[in-house]
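Below is start-v7.pdb, which holds PDB, C-alpha atoms and all ligand atoms.
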```
ATOM      1  CA  MET A   1      70.460 -15.850 120.742
ATOM      2  CA  HIS A   2      72.287 -18.023 118.164
ATOM      3  CA  THR A   3      76.016 -18.136 118.786
ATOM      4  CA  SER A   4      77.084 -21.007 116.532
ATOM      5  CA  VAL A   5      78.536 -20.155 113.131
ATOM      6  CA  ARG A   6      76.358 -21.976 110.589
ATOM      7  CA  THR A   7      76.820 -19.983 107.377
ATOM      8  CA  VAL A   8      79.853 -19.098 105.299
ATOM      9  CA  ILE A   9      79.742 -16.368 102.686
ATOM     10  CA  PHE A  10      82.163 -16.590  99.755
ATOM     11  CA  PRO A  11      82.332 -13.197  98.010
ATOM     12  CA  VAL A  12      83.457 -14.134  94.490
ATOM     13  CA  ALA A  13      82.023 -11.310  92.375
ATOM     14  CA  GLY A  14      85.157  -9.126  92.094
ATOM     15  CA  MET A  15      86.794  -8.192  88.787
ATOM     16  CA  GLY A  16      90.214  -9.657  89.547
ATOM     17  CA  THR A  17      91.960  -6.806  87.728
ATOM     18  CA  ARG A  18      95.385  -7.656  89.157
ATOM     19  CA  PHE A  19      95.261 -10.952  87.285
ATOM     20  CA  LEU A  20      94.267  -9.643  83.871
ATOM     21  CA  PRO A  21      94.460 -10.934  81.197
ATOM     22  CA  ALA A  22      93.996 -14.358  82.883
ATOM     23  CA  THR A  23      90.785 -13.174  84.551
ATOM     24  CA  LYS A  24      89.260 -11.821  81.328
ATOM     25  CA  ALA A  25      87.562 -15.174  80.747
ATOM     26  CA  THR A  26      88.412 -17.194  83.874
ATOM     27  CA  PRO A  27      87.258 -16.029  87.323
ATOM     28  CA  LYS A  28      90.182 -15.426  89.695
ATOM     29  CA  GLU A  29      88.653 -17.892  92.142
ATOM     30  CA  LEU A  30      89.021 -20.668  89.549
ATOM     31  CA  LEU A  31      92.726 -20.070  88.957
ATOM     32  CA  PRO A  32      94.548 -23.181  90.152
ATOM     33  CA  VAL A  33      97.315 -23.446  92.704
ATOM     34  CA  LEU A  34      99.073 -26.468  91.243
ATOM     35  CA  ASP A  35      96.001 -28.432  90.108
ATOM     36  CA  THR A  36      93.283 -27.206  92.477
ATOM     37  CA  PRO A  37      91.258 -23.993  91.983
ATOM     38  CA  LEU A  38      91.348 -21.433  94.808
ATOM     39  CA  ILE A  39      87.619 -21.845  95.454
ATOM     40  CA  GLN A  40      88.085 -25.559  96.157
ATOM     41  CA  TYR A  41      90.570 -24.849  98.982
ATOM     42  CA  ALA A  42      88.016 -22.423 100.469
ATOM     43  CA  ILE A  43      85.168 -24.938 100.231
ATOM     44  CA  ASP A  44      87.309 -27.680 101.796
ATOM     45  CA  GLU A  45      88.235 -25.335 104.677
ATOM     46  CA  ALA A  46      84.590 -24.425 105.324
ATOM     47  CA  GLN A  47      83.466 -28.051 105.214
ATOM     48  CA  ALA A  48      86.230 -29.093 107.610
ATOM     49  CA  ALA A  49      85.047 -26.318 109.961
ATOM     50  CA  GLY A  50      81.557 -27.863 110.082
ATOM     51  CA  ILE A  51      79.732 -25.091 108.209
ATOM     52  CA  GLU A  52      76.081 -25.905 107.305
ATOM     53  CA  ARG A  53      75.294 -23.434 104.529
ATOM     54  CA  MET A  54      77.538 -21.961 101.841
ATOM     55  CA  VAL A  55      76.463 -18.730 100.159
ATOM     56  CA  PHE A  56      78.371 -17.754  97.015
ATOM     57  CA  VAL A  57      78.028 -14.093  96.029
ATOM     58  CA  THR A  58      78.904 -14.081  92.375
ATOM     59  CA  HIS A  59      78.653 -11.908  89.255
ATOM     60  CA  PRO A  60      76.610 -12.663  86.096
ATOM     61  CA  SER A  61      79.856 -12.890  84.087
ATOM     62  CA  LYS A  62      81.275 -15.505  86.483
ATOM     63  CA  HIS A  63      78.838 -18.345  85.920
ATOM     64  CA  ALA A  64      81.842 -20.664  85.544
ATOM     65  CA  ILE A  65      82.160 -20.662  89.341
ATOM     66  CA  GLU A  66      78.761 -22.324  89.774
ATOM     67  CA  ARG A  67      79.582 -24.760  86.970
ATOM     68  CA  TYR A  68      82.810 -25.683  88.744
ATOM     69  CA  VAL A  69      81.365 -25.912  92.255
ATOM     70  CA  MET A  70      78.230 -27.953  91.518
ATOM     71  CA  ASP A  71      78.034 -31.581  90.520
ATOM     72  CA  ASP A  72      77.825 -32.184  86.747
ATOM     73  CA  ALA A  73      75.908 -35.430  86.215
ATOM     74  CA  LYS A  74      76.213 -35.251  82.412
ATOM     75  CA  LEU A  75      80.010 -34.948  82.557
ATOM     76  CA  ARG A  76      80.188 -37.846  85.010
ATOM     77  CA  SER A  77      78.028 -40.045  82.829
ATOM     78  CA  ASP A  78      80.147 -39.174  79.742
ATOM     79  CA  LEU A  79      83.305 -40.091  81.666
ATOM     80  CA  LYS A  80      81.762 -43.347  82.859
ATOM     81  CA  SER A  81      80.691 -44.299  79.332
ATOM     82  CA  ARG A  82      84.393 -43.958  78.377
ATOM     83  CA  GLY A  83      85.468 -46.205  81.230
ATOM     84  CA  LYS A  84      86.806 -43.369  83.422
ATOM     85  CA  ILE A  85      84.883 -44.496  86.488
ATOM     86  CA  ALA A  86      87.431 -43.447  89.135
ATOM     87  CA  LEU A  87      87.733 -39.960  87.644
ATOM     88  CA  ALA A  88      83.942 -39.566  87.593
ATOM     89  CA  ASP A  89      83.774 -40.628  91.259
ATOM     90  CA  GLU A  90      86.552 -38.198  92.220
ATOM     91  CA  LEU A  91      84.675 -35.325  90.567
ATOM     92  CA  GLN A  92      81.482 -36.277  92.390
ATOM     93  CA  ASP A  93      83.286 -36.375  95.750
ATOM     94  CA  ALA A  94      84.736 -32.881  95.302
ATOM     95  CA  ALA A  95      81.541 -31.291  93.923
ATOM     96  CA  LEU A  96      78.602 -29.878  95.881
ATOM     97  CA  SER A  97      75.078 -31.043  95.143
ATOM     98  CA  HIS A  98      71.704 -29.476  96.006
ATOM     99  CA  ARG A  99      70.560 -32.951  97.117
ATOM    100  CA  THR A 100      73.193 -33.305  99.837
ATOM    101  CA  ASP A 101      74.561 -29.814 100.493
ATOM    102  CA  ASP A 102      72.997 -26.533 101.572
ATOM    103  CA  VAL A 103      74.318 -24.222  98.836
ATOM    104  CA  VAL A 104      73.040 -20.835  97.655
ATOM    105  CA  PHE A 105      74.236 -18.712  94.735
ATOM    106  CA  THR A 106      73.298 -15.062  94.742
ATOM    107  CA  ILE A 107      74.283 -12.183  92.488
ATOM    108  CA  GLN A 108      76.174  -8.943  93.052
ATOM    109  CA  ASP A 109      75.349  -7.124  89.804
ATOM    110  CA  GLN A 110      78.151  -4.613  90.104
ATOM    111  CA  PRO A 111      81.450  -4.990  91.966
ATOM    112  CA  LEU A 112      80.649  -2.322  94.565
ATOM    113  CA  GLY A 113      83.147  -3.605  97.106
ATOM    114  CA  LEU A 114      83.586  -6.441  99.566
ATOM    115  CA  GLY A 115      81.134  -4.913 102.047
ATOM    116  CA  HIS A 116      78.453  -4.678  99.373
ATOM    117  CA  ALA A 117      79.101  -8.295  98.339
ATOM    118  CA  VAL A 118      78.606  -9.471 101.942
ATOM    119  CA  LEU A 119      75.404  -7.406 102.177
ATOM    120  CA  CYS A 120      74.103  -9.189  99.043
ATOM    121  CA  ALA A 121      74.140 -12.438 101.075
ATOM    122  CA  ARG A 122      71.902 -11.030 103.824
ATOM    123  CA  ASP A 123      68.645 -12.742 102.824
ATOM    124  CA  HIS A 124      70.317 -16.136 102.478
ATOM    125  CA  VAL A 125      72.148 -16.637 105.773
ATOM    126  CA  LEU A 126      71.044 -18.773 108.706
ATOM    127  CA  PRO A 127      70.456 -17.033 112.086
ATOM    128  CA  GLY A 128      73.500 -16.122 114.159
ATOM    129  CA  PRO A 129      77.033 -14.973 113.380
ATOM    130  CA  VAL A 130      78.323 -15.562 109.847
ATOM    131  CA  ALA A 131      81.729 -16.512 108.479
ATOM    132  CA  VAL A 132      83.234 -14.761 105.460
ATOM    133  CA  VAL A 133      86.051 -16.459 103.534
ATOM    134  CA  LEU A 134      87.969 -14.752 100.724
ATOM    135  CA  PRO A 135      89.172 -17.546  98.450
ATOM    136  CA  ASP A 136      92.114 -15.538  97.116
ATOM    137  CA  ASP A 137      93.614 -15.503 100.607
ATOM    138  CA  LEU A 138      94.862 -19.086 100.687
ATOM    139  CA  ILE A 139      95.766 -20.292 104.185
ATOM    140  CA  LEU A 140      97.601 -23.606 104.254
ATOM    141  CA  GLY A 141      98.056 -25.685 107.393
ATOM    142  CA  LYS A 142      95.461 -26.307 110.054
ATOM    143  CA  GLY A 143      92.092 -25.010 108.780
ATOM    144  CA  CYS A 144      91.995 -21.329 109.718
ATOM    145  CA  LEU A 145      88.200 -21.081 109.773
ATOM    146  CA  GLY A 146      87.930 -24.123 112.036
ATOM    147  CA  GLU A 147      90.469 -22.604 114.443
ATOM    148  CA  MET A 148      88.525 -19.347 114.484
ATOM    149  CA  ILE A 149      85.181 -21.041 115.099
ATOM    150  CA  ASP A 150      86.725 -22.951 118.027
ATOM    151  CA  ALA A 151      88.095 -19.718 119.507
ATOM    152  CA  TYR A 152      84.782 -17.914 118.931
ATOM    153  CA  GLY A 153      82.899 -20.674 120.697
ATOM    154  CA  ARG A 154      85.326 -20.697 123.656
ATOM    155  CA  ASP A 155      85.459 -17.144 124.773
ATOM    156  CA  ASP A 156      84.388 -14.749 122.124
ATOM    157  CA  SER A 157      81.482 -13.049 120.499
ATOM    158  CA  GLY A 158      81.086  -9.975 118.339
ATOM    159  CA  HIS A 159      83.456  -9.705 115.391
ATOM    160  CA  LEU A 160      86.524 -11.940 115.108
ATOM    161  CA  VAL A 161      88.930 -11.388 112.202
ATOM    162  CA  ALA A 162      92.003 -13.358 111.115
ATOM    163  CA  ALA A 163      95.120 -11.330 111.939
ATOM    164  CA  MET A 164      98.807 -11.584 111.148
ATOM    165  CA  THR A 165     101.803  -9.361 111.778
ATOM    166  CA  VAL A 166     103.131  -7.657 108.650
ATOM    167  CA  ALA A 167     106.143  -5.434 107.941
ATOM    168  CA  ARG A 168     105.407  -1.777 108.743
ATOM    169  CA  GLU A 169     105.873  -0.725 105.111
ATOM    170  CA  ASP A 170     103.067  -3.153 104.159
ATOM    171  CA  THR A 171     100.364  -1.668 106.424
ATOM    172  CA  LYS A 172      99.097   0.327 103.425
ATOM    173  CA  LYS A 173      97.939  -2.932 101.809
ATOM    174  CA  TYR A 174      95.689  -4.159 104.669
ATOM    175  CA  GLY A 175      93.034  -3.345 107.211
ATOM    176  CA  ILE A 176      95.033  -2.733 110.421
ATOM    177  CA  LEU A 177      93.887  -3.305 114.007
ATOM    178  CA  THR A 178      94.305  -0.932 116.930
ATOM    179  CA  PRO A 179      95.189  -3.465 119.662
ATOM    180  CA  SER A 180      93.857  -2.951 123.157
ATOM    181  CA  GLY A 181      94.812  -6.235 124.846
ATOM    182  CA  ASP A 182      96.502  -9.535 124.137
ATOM    183  CA  ASN A 183      95.374 -12.989 125.173
ATOM    184  CA  GLY A 184      97.719 -15.367 123.306
ATOM    185  CA  SER A 185      96.041 -16.230 120.028
ATOM    186  CA  VAL A 186      93.281 -13.633 120.498
ATOM    187  CA  LEU A 187      94.090  -9.957 120.242
ATOM    188  CA  ARG A 188      91.468  -7.491 121.511
ATOM    189  CA  ALA A 189      91.073  -4.431 119.311
ATOM    190  CA  SER A 190      89.498  -1.043 119.844
ATOM    191  CA  GLY A 191      89.576  -0.067 116.178
ATOM    192  CA  MET A 192      90.358  -1.061 112.608
ATOM    193  CA  VAL A 193      91.517   1.234 109.812
ATOM    194  CA  GLU A 194      91.741   0.464 106.108
ATOM    195  CA  LYS A 195      95.178   0.638 104.444
ATOM    196  CA  PRO A 196      96.861   3.229 106.716
ATOM    197  CA  ASP A 197     100.066   4.937 105.731
ATOM    198  CA  PRO A 198     102.957   3.147 107.550
ATOM    199  CA  ALA A 199     103.811   6.335 109.453
ATOM    200  CA  HIS A 200     100.295   6.499 110.941
ATOM    201  CA  ALA A 201      99.369   2.810 111.239
ATOM    202  CA  PRO A 202      98.120   1.991 114.769
ATOM    203  CA  SER A 203     100.020  -1.364 114.693
ATOM    204  CA  CYS A 204     101.358  -3.957 112.255
ATOM    205  CA  GLU A 205      98.484  -6.386 112.977
ATOM    206  CA  ALA A 206      96.875  -6.900 109.577
ATOM    207  CA  VAL A 207      93.469  -8.387 108.859
ATOM    208  CA  VAL A 208      93.368 -11.134 106.215
ATOM    209  CA  GLY A 209      90.530 -12.928 104.469
ATOM    210  CA  ARG A 210      88.706 -14.824 107.223
ATOM    211  CA  TYR A 211      86.019 -13.195 109.358
ATOM    212  CA  ILE A 212      83.402 -14.280 111.852
ATOM    213  CA  LEU A 213      80.917 -11.455 112.063
ATOM    214  CA  ASP A 214      78.109 -10.773 114.485
ATOM    215  CA  ALA A 215      74.747 -10.784 112.659
ATOM    216  CA  SER A 216      74.445  -7.024 113.272
ATOM    217  CA  ILE A 217      77.065  -6.567 110.510
ATOM    218  CA  PHE A 218      74.218  -6.509 107.949
ATOM    219  CA  ASP A 219      72.553  -3.479 109.589
ATOM    220  CA  ASP A 220      75.920  -1.752 109.789
ATOM    221  CA  LEU A 221      76.615  -2.517 106.116
ATOM    222  CA  ALA A 222      73.153  -1.303 105.082
ATOM    223  CA  SER A 223      73.678   2.033 106.836
ATOM    224  CA  GLN A 224      77.140   2.654 105.333
ATOM    225  CA  THR A 225      77.359   5.483 102.854
ATOM    226  CA  SER A 226      79.366   4.340  99.877
ATOM    227  CA  GLY A 227      82.850   5.741  99.429
ATOM    228  CA  ALA A 228      85.042   6.262  96.358
ATOM    229  CA  GLY A 229      83.768   4.375  93.287
ATOM    230  CA  GLY A 230      80.463   3.674  95.078
ATOM    231  CA  GLU A 231      82.163   0.947  97.124
ATOM    232  CA  ILE A 232      80.834  -0.195 100.509
ATOM    233  CA  GLN A 233      83.761  -1.217 102.703
ATOM    234  CA  LEU A 234      83.523  -4.171 105.059
ATOM    235  CA  THR A 235      86.164  -2.544 107.279
ATOM    236  CA  ASP A 236      83.956   0.519 107.886
ATOM    237  CA  ALA A 237      80.961  -1.630 108.866
ATOM    238  CA  ILE A 238      83.098  -3.730 111.238
ATOM    239  CA  ALA A 239      84.506  -0.554 112.805
ATOM    240  CA  ALA A 240      80.968   0.837 113.211
ATOM    241  CA  GLY A 241      79.977  -2.123 115.389
ATOM    242  CA  ILE A 242      83.021  -2.273 117.685
ATOM    243  CA  SER A 243      81.593  -0.257 120.567
ATOM    244  CA  ARG A 244      78.437  -2.404 120.533
ATOM    245  CA  VAL A 245      79.716  -5.974 119.901
ATOM    246  CA  GLY A 246      83.521  -5.813 120.259
ATOM    247  CA  LEU A 247      86.337  -6.795 117.880
ATOM    248  CA  SER A 248      89.191  -9.272 118.202
ATOM    249  CA  GLY A 249      91.967 -10.462 115.924
ATOM    250  CA  PHE A 250      92.759 -14.161 115.770
ATOM    251  CA  ARG A 251      96.349 -15.290 115.219
ATOM    252  CA  PHE A 252      95.923 -18.398 113.087
ATOM    253  CA  SER A 253      98.540 -21.141 112.919
ATOM    254  CA  GLY A 254      98.701 -21.662 109.135
ATOM    255  CA  THR A 255     100.618 -19.857 106.392
ATOM    256  CA  ARG A 256      98.739 -17.284 104.361
ATOM    257  CA  PHE A 257      99.341 -16.563 100.678
ATOM    258  CA  ASP A 258      97.923 -13.533  98.877
ATOM    259  CA  CYS A 259      96.742 -15.356  95.775
ATOM    260  CA  GLY A 260      95.125 -12.168  94.496
ATOM    261  CA  SER A 261      98.637 -11.143  93.442
ATOM    262  CA  LYS A 262     101.017 -12.769  90.990
ATOM    263  CA  ALA A 263     103.848 -13.118  93.523
ATOM    264  CA  GLY A 264     101.562 -14.562  96.207
ATOM    265  CA  MET A 265     100.103 -17.081  93.790
ATOM    266  CA  PHE A 266     103.618 -18.105  92.731
ATOM    267  CA  ARG A 267     104.716 -18.507  96.373
ATOM    268  CA  ALA A 268     101.707 -20.716  97.099
ATOM    269  CA  THR A 269     102.413 -22.796  94.003
ATOM    270  CA  LEU A 270     106.061 -23.295  95.009
ATOM    271  CA  ASN A 271     105.004 -24.229  98.543
ATOM    272  CA  LEU A 272     102.637 -26.940  97.334
ATOM    273  CA  ALA A 273     105.000 -28.056  94.557
ATOM    274  CA  ALA A 274     107.661 -28.801  97.171
ATOM    275  CA  ARG A 275     105.257 -31.378  98.696
ATOM    276  CA  ASP A 276     104.383 -33.038  95.380
ATOM    277  CA  GLY A 277     106.727 -35.783  94.118
ATOM    278  CA  GLU A 278     106.358 -34.939  90.423
ATOM    279  CA  CYS A 279     106.791 -31.184  90.916
ATOM    280  CA  LEU A 280     109.586 -31.490  93.483
ATOM    281  CA  GLU A 281     111.690 -33.147  90.791
ATOM    282  CA  VAL A 282     111.120 -30.100  88.531
ATOM    283  CA  LEU A 283     112.041 -27.716  91.374
ATOM    284  CA  ARG A 284     115.294 -29.619  91.924
ATOM    285  CA  GLU A 285     116.170 -29.544  88.200
ATOM    286  CA  HIS A 286     115.456 -25.813  88.168
ATOM    287  CA  ALA A 287     117.627 -25.187  91.257
ATOM    288  CA  VAL A 288     120.548 -27.075  89.665
ATOM    289  CA  ALA A 289     120.141 -25.201  86.366
ATOM    290  CA  SER A 290     120.008 -21.802  88.165
ATOM    291  CA  HIS A 291     123.106 -22.698  90.173
ATOM    292  CA  GLN A 292     124.991 -23.627  86.984
ATOM    293  CA  THR A 293     123.927 -20.407  85.244
ATOM    294  CA  ALA A 294     125.048 -18.340  88.255
ATOM    295  CA  ALA A 295     128.408 -20.148  88.378
ATOM    296  CA  ALA A 296     129.079 -19.718  84.625
TER     297      ALA A 296
HETATM  298  P1  LIG A 301      89.724  -8.332  95.944
HETATM  299  O1  LIG A 301      89.707  -6.866  96.045
HETATM  300  O2  LIG A 301      90.982  -9.048  96.270
HETATM  301  O3  LIG A 301      89.278  -8.864  94.531
HETATM  302  O4  LIG A 301      88.513  -8.917  96.769
HETATM  303  P2  LIG A 301      89.059  -8.180  93.165
HETATM  304  O5  LIG A 301      88.431  -6.838  93.270
HETATM  305  O6  LIG A 301      88.331  -9.206  92.372
HETATM  306  O7  LIG A 301      90.544  -8.128  92.622
HETATM  307  P3  LIG A 301      91.455  -6.944  92.032
HETATM  308  O8  LIG A 301      91.879  -6.127  93.222
HETATM  309  O9  LIG A 301      90.614  -6.190  91.031
HETATM  310  O10 LIG A 301      92.579  -7.696  91.389
HETATM  311  C1  LIG A 301      88.589 -10.052  97.614
HETATM  312  C2  LIG A 301      87.407 -10.968  97.358
HETATM  313  O11 LIG A 301      86.195 -10.223  97.370
HETATM  314  C3  LIG A 301      85.464 -10.433  96.189
HETATM  315  C4  LIG A 301      86.480 -10.907  95.149
HETATM  316  O12 LIG A 301      85.846 -11.720  94.158
HETATM  317  C5  LIG A 301      87.482 -11.676  95.986
HETATM  318  O13 LIG A 301      87.089 -13.026  96.178
HETATM  319  N1  LIG A 301      84.767  -9.183  95.810
HETATM  320  C6  LIG A 301      85.455  -8.020  95.730
HETATM  321  C7  LIG A 301      83.409  -9.230  95.532
HETATM  322  O14 LIG A 301      82.771 -10.293  95.602
HETATM  323  N2  LIG A 301      82.790  -8.065  95.155
HETATM  324  C8  LIG A 301      83.442  -6.895  95.072
HETATM  325  O15 LIG A 301      82.802  -5.873  94.728
HETATM  326  C9  LIG A 301      84.815  -6.863  95.356
END
```

Would you write the structure of this file as structure tokens?
Ligand code: UTP
Amino acid sequence: MHTSVRTVIFPVAGMGTRFLPATKATPKELLPVLDTPLIQYAIDEAQAAGIERMVFVTHPSKHAIERYVMDDAKLRSDLKSRGKIALADELQDAALSHRTDDVVFTIQDQPLGLGHAVLCARDHVLPGPVAVVLPDDLILGKGCLGEMIDAYGRDDSGHLVAAMTVAREDTKKYGILTPSGDNGSVLRASGMVEKPDPAHAPSCEAVVGRYILDASIFDDLASQTSGAGGEIQLTDAIAAGISRVGLSGFRFSGTRFDCGSKAGMFRATLNLAARDGECLEVLREHAVASHQTAAA
């Protein structure tokens, strides 16, 4: 049995409706936090975690993601011919290449839900458990996926999902765990429900966009009947496998930002701006100006 996590799936085929009109022409995953697109943070996190293969599940209208992710030799040569050697080298360092990286792009023709997107990756994953990273959940700090893979290798198997405590009124925005035991950073769970009403939520332990899933997830996804809008939910397939493979939540150490929403994206931008010399100056000017306006 293969227990090491060798593949990451990036589901990037969604419509990004909460970010319209920005996402009319630009995929949500290419929206930048400061100067770096969301997908780049996700790729960096997966590489730091030692992942071998990256599978991008994308949509025909989102070809820009592949153009961004992969090396562009023509652009580099144009930059070099204009003397911009360092910039060309920087782009090459950040980009993936089929010569040196194990990268697959596959298509989800219709946005039939996160579960369906993960199922679209089935024929392209390496044996063993798979990681799923949602690029619009930005987690800053120590690499969350790396922490999860360490924990999975130490004492876990089955499904392991990133978990964080949320306010009770927010349970309706997340998949929520039914905890059955606590072992420090790993929380055993006997169930998981999608977006429960706060009054009926089994806990305030919310699942966010990092998963390590037992390979049986693909059978459980394939046997799901689609729900409203024809969507296949990842949560339902995870729940279907709990009695067989088990489920745990992992309390990661970093800070998570919901960059699928305007406010979350703004919070992430402010957080990174406060660490950037040029932007920190702007934040300070803004704070002074706001203070003066409030005092006037
Ligand atoms: P979201 O539900 O946050 O993304 O999915 P969305 O549907 O694109 O955004 P809104 O809600 O309409 O604003 C989380 C991740 O799953 C992918 C998205 O691209 C995003 O990276 N996804 C979602 C798919 O790949 N396929 C889907 O059918 C749905």

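Atom pair atom CA of His59 of chain A / atom CA of Val12 of chain A has a distance of 7.4 Å (rounded to one decimal).
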
What separates atom CA of Thr7 of chain A and atom CA of Asp258 of chain A is a distance of 23.6 Å

Give as a ChimeraX atom specification the residues that the PyMOL selection byres (((chain A and resi 249-252) around 8) and not hetatm) matches when applied to the coordinates above. /A:144,147-148,160-164,177,185-189,207,247-248,253-254

Neighbours of ligand LIG 301 (chain A) at 6 Å or closer, counting all atoms listed in the file: which residues, as an MDAnalysis selection string? chainID A and resid 11:19 111:114 117 134:136 260

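Here atom CA of Gly209 of chain A and atom CA of Asp150 of chain A stand 17.3 Å from one another.
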
Who sits within 12 Å of Val132 of chain A, all atoms listed in the file, same chain under 4 positions skipped, as a ChimeraX atom specification: /A:5-12,42-43,45-46,51,53-57,114-115,117-119,121,125,137,144-145,148-149,159-162,208-215,217,234

Convert the output of the PyMOL selection byres (((chain A and resi 95-105) around 8) and not hetatm) on the shown file into explicit residues, formatted as a ChimeraX atom specification. /A:52-58,66,68-71,91-94,106-107,124

Closest to Ala237 of chain A among A:His116, A:Arg82, A:Lys172, A:His286, using all atoms listed in the file? A:His116

On this structure, the PyMOL selection byres (((chain A and resi 269) around 10) and not hetatm) would catch which residues? List them as number ranges by chain, sorted by chain and number. A: 32-35, 257, 259, 263-268, 270-274, 279

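All polymer residues at most 12 Å from (106.7, -2.6, 107.0), using all atoms listed in the file, appear as Thr165, Val166, Ala167, Arg168, Glu169, Asp170, Thr171, Lys172, Lys173, Tyr174, Pro196, Asp197, Pro198, Ala199, His200, Ala201, Ser203, Cys204, Glu205 and Ala206 of chain A.
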
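Proximity of A:Leu31, A:Ala131, A:Thr26, A:Gly50 to Lys262 of chain A, computed with only C-alpha atoms, is greatest for A:Leu31.
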